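Okay, so here's the structure we're looking at.
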Amino acid sequence: MMKEKIQELSQNIFNEVVANRRHLHSHPELSFHETATSVYVATRLDELNIPYIRMADNGIVGLLKGTKPSEQVVALRADMDALPITEANDVPYKSQNPGVMHACGHDAHTASLLGTATILSQLKDDFAGTIKFIFQPAEEKLPGGASLMIKEGVLENPKPQAVIGQHVMPLIDAGQVGFRAGKYMASTDEIYVTVKGKGGHGAQPQQNIDPVIITAHILTALQQVVSRFADPKSPSVLSFGKVIANGATNVIPNEVYLEGTFRTMDEKWRDEAHRRMKKMAEGIAESMGGSCDFNIMRGYPFLINEEKLTASVRGYAEDYLGKENVLDLDIWMAAEDFAYYSQVADSCFYRLGTRNESRGITSSVHTPTFDVEESALGISTGLMAYMAIKQLGN
């Protein structure tokens, strides 16, 4: 049977997948700078005799056609970029690039998709249809590599009927995967604010226009945008993680600088919230004698898993892994540029468990101690290959 054949192949290439993951982990590259990673992926595809093209500078798109005729096309996506984090793990495959680390598992995603390509290249006489392998740059940085690749035609010539992506999740044990149909991840916007006043001596506040006090009022009031204007049934998050006044114990500064993020799952409300935040902040500053430059950098849209496709893909996972190893996921207010695919094509983005408490592999993504339980790579490659073949109708 096809399932058993794929499972056998995934075990046969397991050591190769781990080696690829460790090489990529040792040589991480930041968003829009994945030059060596792109070359590495291209070299592996050359070895598999899978033709490919380049997109968005460092992106690679491979195309594998089954020998049996079919117009069906499925796209499989992996991201390749790393983060500006100094790795704290003491492992043989530790990052060799100072200050850069695969702290979000994109090394595992890329190695997994290379493994999936290896399996499918050995099965092309057994399936009908076409499989696109999307190795995408710059997931971690706006405007997002997905948006650039879509603009350059990654979802055309041929056009896939489904786009499937996976992402590691350290909250789920290795050996398990998670799914959620419908709205799953939030949109994300970056907020940059400068509150301006008139600085001076802290002992003579009557002579100043204190931007620190103005900022305090703005920060408190802006939370009302979520608590009093957002529909309680639609999740919204407004957080400010950076506030710089740069005065002193007795010095009121001329201005205060803020950075924050706004996330939601409703595009109409997203636009309204932007308008309300800007108007509120500027109005408060003006009413207190100061001014406010309120700038929003629009980021990724919300991610939605198409209901029918997700039900099908989840079913394939249950068949491949057993129902007990397929979990339900809750809404997650983090963001992913896979959302761009989900806004224009039927898409499914699921989670691959990589946790192993017995080995201490429990750290969250985007932390210096993040790592993955590599036994999960024996699942990630075969599962995605099985999903692709089943989705093509084989």
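The chains in the structure tokens are called A, B, ... from first to last as shown; in each chain the residues are counted from 1, and the ligands are counted from 1 in the order shown.
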
DSSP on the backbone, then: every residue of region 23-272 of chain A marked alpha helix (DSSP H), written as number ranges by chain. A: 23-26, 35-47, 106-121, 145-151, 211-224, 267-272

Excluding region 119-122 of chain A and any residue of its chain fewer than 4 positions from it, enumerate the residues within 8 Å of it, using only C-alpha atoms, and give them as a PyMOL selection string. chain A and resi 6+9-10+48+50+64+115+381-382+385

Need to verify the contact set: His23 (chain A), 8 Å, only C-alpha atoms, exclusion of same-chain residues closer than 4 positions in sequence. Can you return it as a PyMOL selection string? chain A and resi 19+27+93

Emit the selected residues as a short mmCIF file (atom, residue, chain, number, x, y, z; two decimals), in the first residue's frame, including N, CA and C atoms.
```
data_model
loop_
_atom_site.label_atom_id
_atom_site.label_comp_id
_atom_site.auth_asym_id
_atom_site.auth_seq_id
_atom_site.Cartn_x
_atom_site.Cartn_y
_atom_site.Cartn_z
N ALA A 19 20.65 15.15 8.86
CA ALA A 19 21.91 15.79 8.45
C ALA A 19 21.64 17.12 7.76
N HIS A 27 24.19 26.83 9.87
CA HIS A 27 24.48 27.93 8.95
C HIS A 27 23.22 28.77 8.70
N TYR A 93 25.56 20.87 16.43
CA TYR A 93 25.10 21.61 15.27
C TYR A 93 24.73 23.06 15.62
#
```

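Considering the residues A:Lys308, A:Arg180, A:Lys3, A:Arg54 and counting only C-alpha atoms, Ala388 (chain A) has its shortest atom-to-atom contact with A:Lys3.
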
Just checking: using only C-alpha atoms, which residue out of A:Gly144, A:Tyr340, A:Ser26, A:Cys104 ends up closest to Pro170 (chain A)? A:Cys104

Determine, counting only C-alpha atoms, which protein, DNA and RNA residues have an atom within 7 Å of an atom of Asn250 (chain A); residues of the same chain fewer than 3 positions away are not included. Present the result as a PDB file with N, CA and C atoms, in the first residue's frame.
```pdb
ATOM      1  N   HIS A 201      13.486  70.942  33.134  1.00  0.00           N
ATOM      2  CA  HIS A 201      13.827  70.480  34.475  1.00  0.00           C
ATOM      3  C   HIS A 201      12.612  69.812  35.132  1.00  0.00           C
ATOM      4  N   GLY A 202      12.857  68.663  35.757  1.00  0.00           N
ATOM      5  CA  GLY A 202      11.776  67.937  36.399  1.00  0.00           C
ATOM      6  C   GLY A 202      11.185  68.681  37.583  1.00  0.00           C
ATOM      7  N   ALA A 203      11.917  69.634  38.140  1.00  0.00           N
ATOM      8  CA  ALA A 203      11.417  70.403  39.288  1.00  0.00           C
ATOM      9  C   ALA A 203      10.570  71.589  38.867  1.00  0.00           C
TER      10      ALA A 203
END
```

Nearest to Leu114 (chain A) by atom-to-atom distance, counting only C-alpha atoms, from A:Phe302, A:Phe135, A:Tyr52, A:Phe127: A:Phe135

List the spatial neighbours of Lys132 (chain A) as a count of residues only - criterion: any atom at most 6 Å away, only C-alpha atoms, same-chain residues fewer than 5 positions off excluded. 3

Sorted by chain and rising residue number, list the residues of region 25-97 of chain A at most 8 Å from region 146-154 of chain A (counting only C-alpha atoms), each with its closest atom pair and distance in Å to one decimal, as a Markdown table.
```
| residue | atom | partner | partner_atom | distance |
| --- | --- | --- | --- | --- |
| A:Met55 | CA | A:Met149 | CA | 6.1 |
| A:Ala56 | CA | A:Met149 | CA | 5.7 |
| A:Gly59 | CA | A:Met149 | CA | 7.6 |
| A:Val61 | CA | A:Val154 | CA | 7.6 |
```

Among the residues of region 208-294 of chain A, find those DSSP assigns to strand (DSSP E or B) from the backbone and print them as number ranges by chain. A: 209, 236-244, 248, 251-252, 255-264, 291-294

Env of Leu123 (chain A): 10 Å cut, atoms = only C-alpha atoms, seq-sep filter 5 positions within chain, self excluded. Answer as a PyMOL selection string. chain A and resi 2+5-6+9+66-67+117-118+385+389

Emit the selected residues as a compact mmCIF listing (two decimals), in the first residue's frame, including N, CA and C atoms.
```txt
# COMPACT_ATOMS: atom_id res chain seq x y z
N MET A 2 0.30 2.35 -0.50
CA MET A 2 1.06 3.60 -0.60
C MET A 2 1.55 4.08 0.75
N LYS A 5 4.52 2.16 1.92
CA LYS A 5 5.67 2.45 1.06
C LYS A 5 6.31 3.78 1.46
N ILE A 6 5.46 4.78 1.72
CA ILE A 6 5.96 6.10 2.12
C ILE A 6 6.63 6.02 3.49
N LEU A 9 10.04 4.56 3.07
CA LEU A 9 10.96 5.52 2.45
C LEU A 9 11.38 6.60 3.43
N GLY A 66 3.97 13.59 -11.65
CA GLY A 66 3.78 12.16 -11.68
C GLY A 66 3.68 11.69 -13.13
N THR A 67 4.05 10.44 -13.36
CA THR A 67 4.05 9.95 -14.75
C THR A 67 2.64 9.72 -15.28
N ALA A 117 10.39 15.81 -0.88
CA ALA A 117 10.73 15.80 -2.31
C ALA A 117 11.48 14.52 -2.68
N THR A 118 12.37 14.08 -1.79
CA THR A 118 13.12 12.85 -2.03
C THR A 118 12.18 11.65 -2.13
N ALA A 385 4.34 13.94 2.30
CA ALA A 385 4.29 13.21 1.03
C ALA A 385 2.95 12.48 0.87
N ILE A 389 0.03 13.19 -2.09
CA ILE A 389 -0.46 12.16 -2.99
C ILE A 389 -1.96 11.93 -2.83
```

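Every protein or nucleic acid residue with an atom no more than 10 Å from Ala311 (chain A), counting only C-alpha atoms and leaving out same-chain residues fewer than 3 positions away, appears here: Phe179, Arg180, Ala181, Asn305, Glu306, Glu307, Lys308, Arg314, Gly315, Tyr316, Ala317 and Cys348 of chain A.
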
Atom-to-atom span, CA of Gln207 (chain A) and CA of Asn295 (chain A), Å: 28.7 Å

How far is it from CA of Pro158 (chain A) to CA of Val73 (chain A), in Å with one decimal? 7.2 Å

Write out as JSON lines the residues of region 112-207 of chain A that have any atom within 12 Å of an atom of region 270-281 of chain A, one row each with the nearest atom pair and its distance in Å to one decimal, counting only C-alpha atoms, sorted by chain and then rising number.
```
{"residue": "A:Ala186", "atom": "CA", "partner": "A:Arg270", "partner_atom": "CA", "distance": 10.5}
{"residue": "A:Ser187", "atom": "CA", "partner": "A:Arg270", "partner_atom": "CA", "distance": 8.4}
{"residue": "A:Thr188", "atom": "CA", "partner": "A:Arg270", "partner_atom": "CA", "distance": 9.5}
{"residue": "A:Asp189", "atom": "CA", "partner": "A:Arg270", "partner_atom": "CA", "distance": 9.2}
{"residue": "A:Glu190", "atom": "CA", "partner": "A:His274", "partner_atom": "CA", "distance": 10.8}
{"residue": "A:Ile191", "atom": "CA", "partner": "A:His274", "partner_atom": "CA", "distance": 9.6}
{"residue": "A:Tyr192", "atom": "CA", "partner": "A:Lys278", "partner_atom": "CA", "distance": 10.8}
{"residue": "A:Val193", "atom": "CA", "partner": "A:Ala281", "partner_atom": "CA", "distance": 9.1}
{"residue": "A:Thr194", "atom": "CA", "partner": "A:Ala281", "partner_atom": "CA", "distance": 10.2}
{"residue": "A:Val195", "atom": "CA", "partner": "A:Ala281", "partner_atom": "CA", "distance": 8.9}
{"residue": "A:Lys196", "atom": "CA", "partner": "A:Ala281", "partner_atom": "CA", "distance": 11.6}
```

Output for the residues just chosen: C-alpha atoms as a short mmCIF file (atom, residue, chain, number, x, y, z; two decimals), in the first residue's frame:
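Saved as part_35.cif:
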```cif
data_model
loop_
_atom_site.label_atom_id
_atom_site.label_comp_id
_atom_site.auth_asym_id
_atom_site.auth_seq_id
_atom_site.Cartn_x
_atom_site.Cartn_y
_atom_site.Cartn_z
CA ALA A 186 -3.87 36.65 13.50
CA SER A 187 -2.97 39.52 11.25
CA THR A 188 -0.04 41.57 12.48
CA ASP A 189 0.73 45.29 12.27
CA GLU A 190 3.73 47.16 13.63
CA ILE A 191 3.08 50.45 15.42
CA TYR A 192 5.67 53.24 15.68
CA VAL A 193 4.78 56.32 17.73
CA THR A 194 6.62 59.50 18.67
CA VAL A 195 4.97 61.67 21.34
CA LYS A 196 6.37 65.21 21.30
#
```
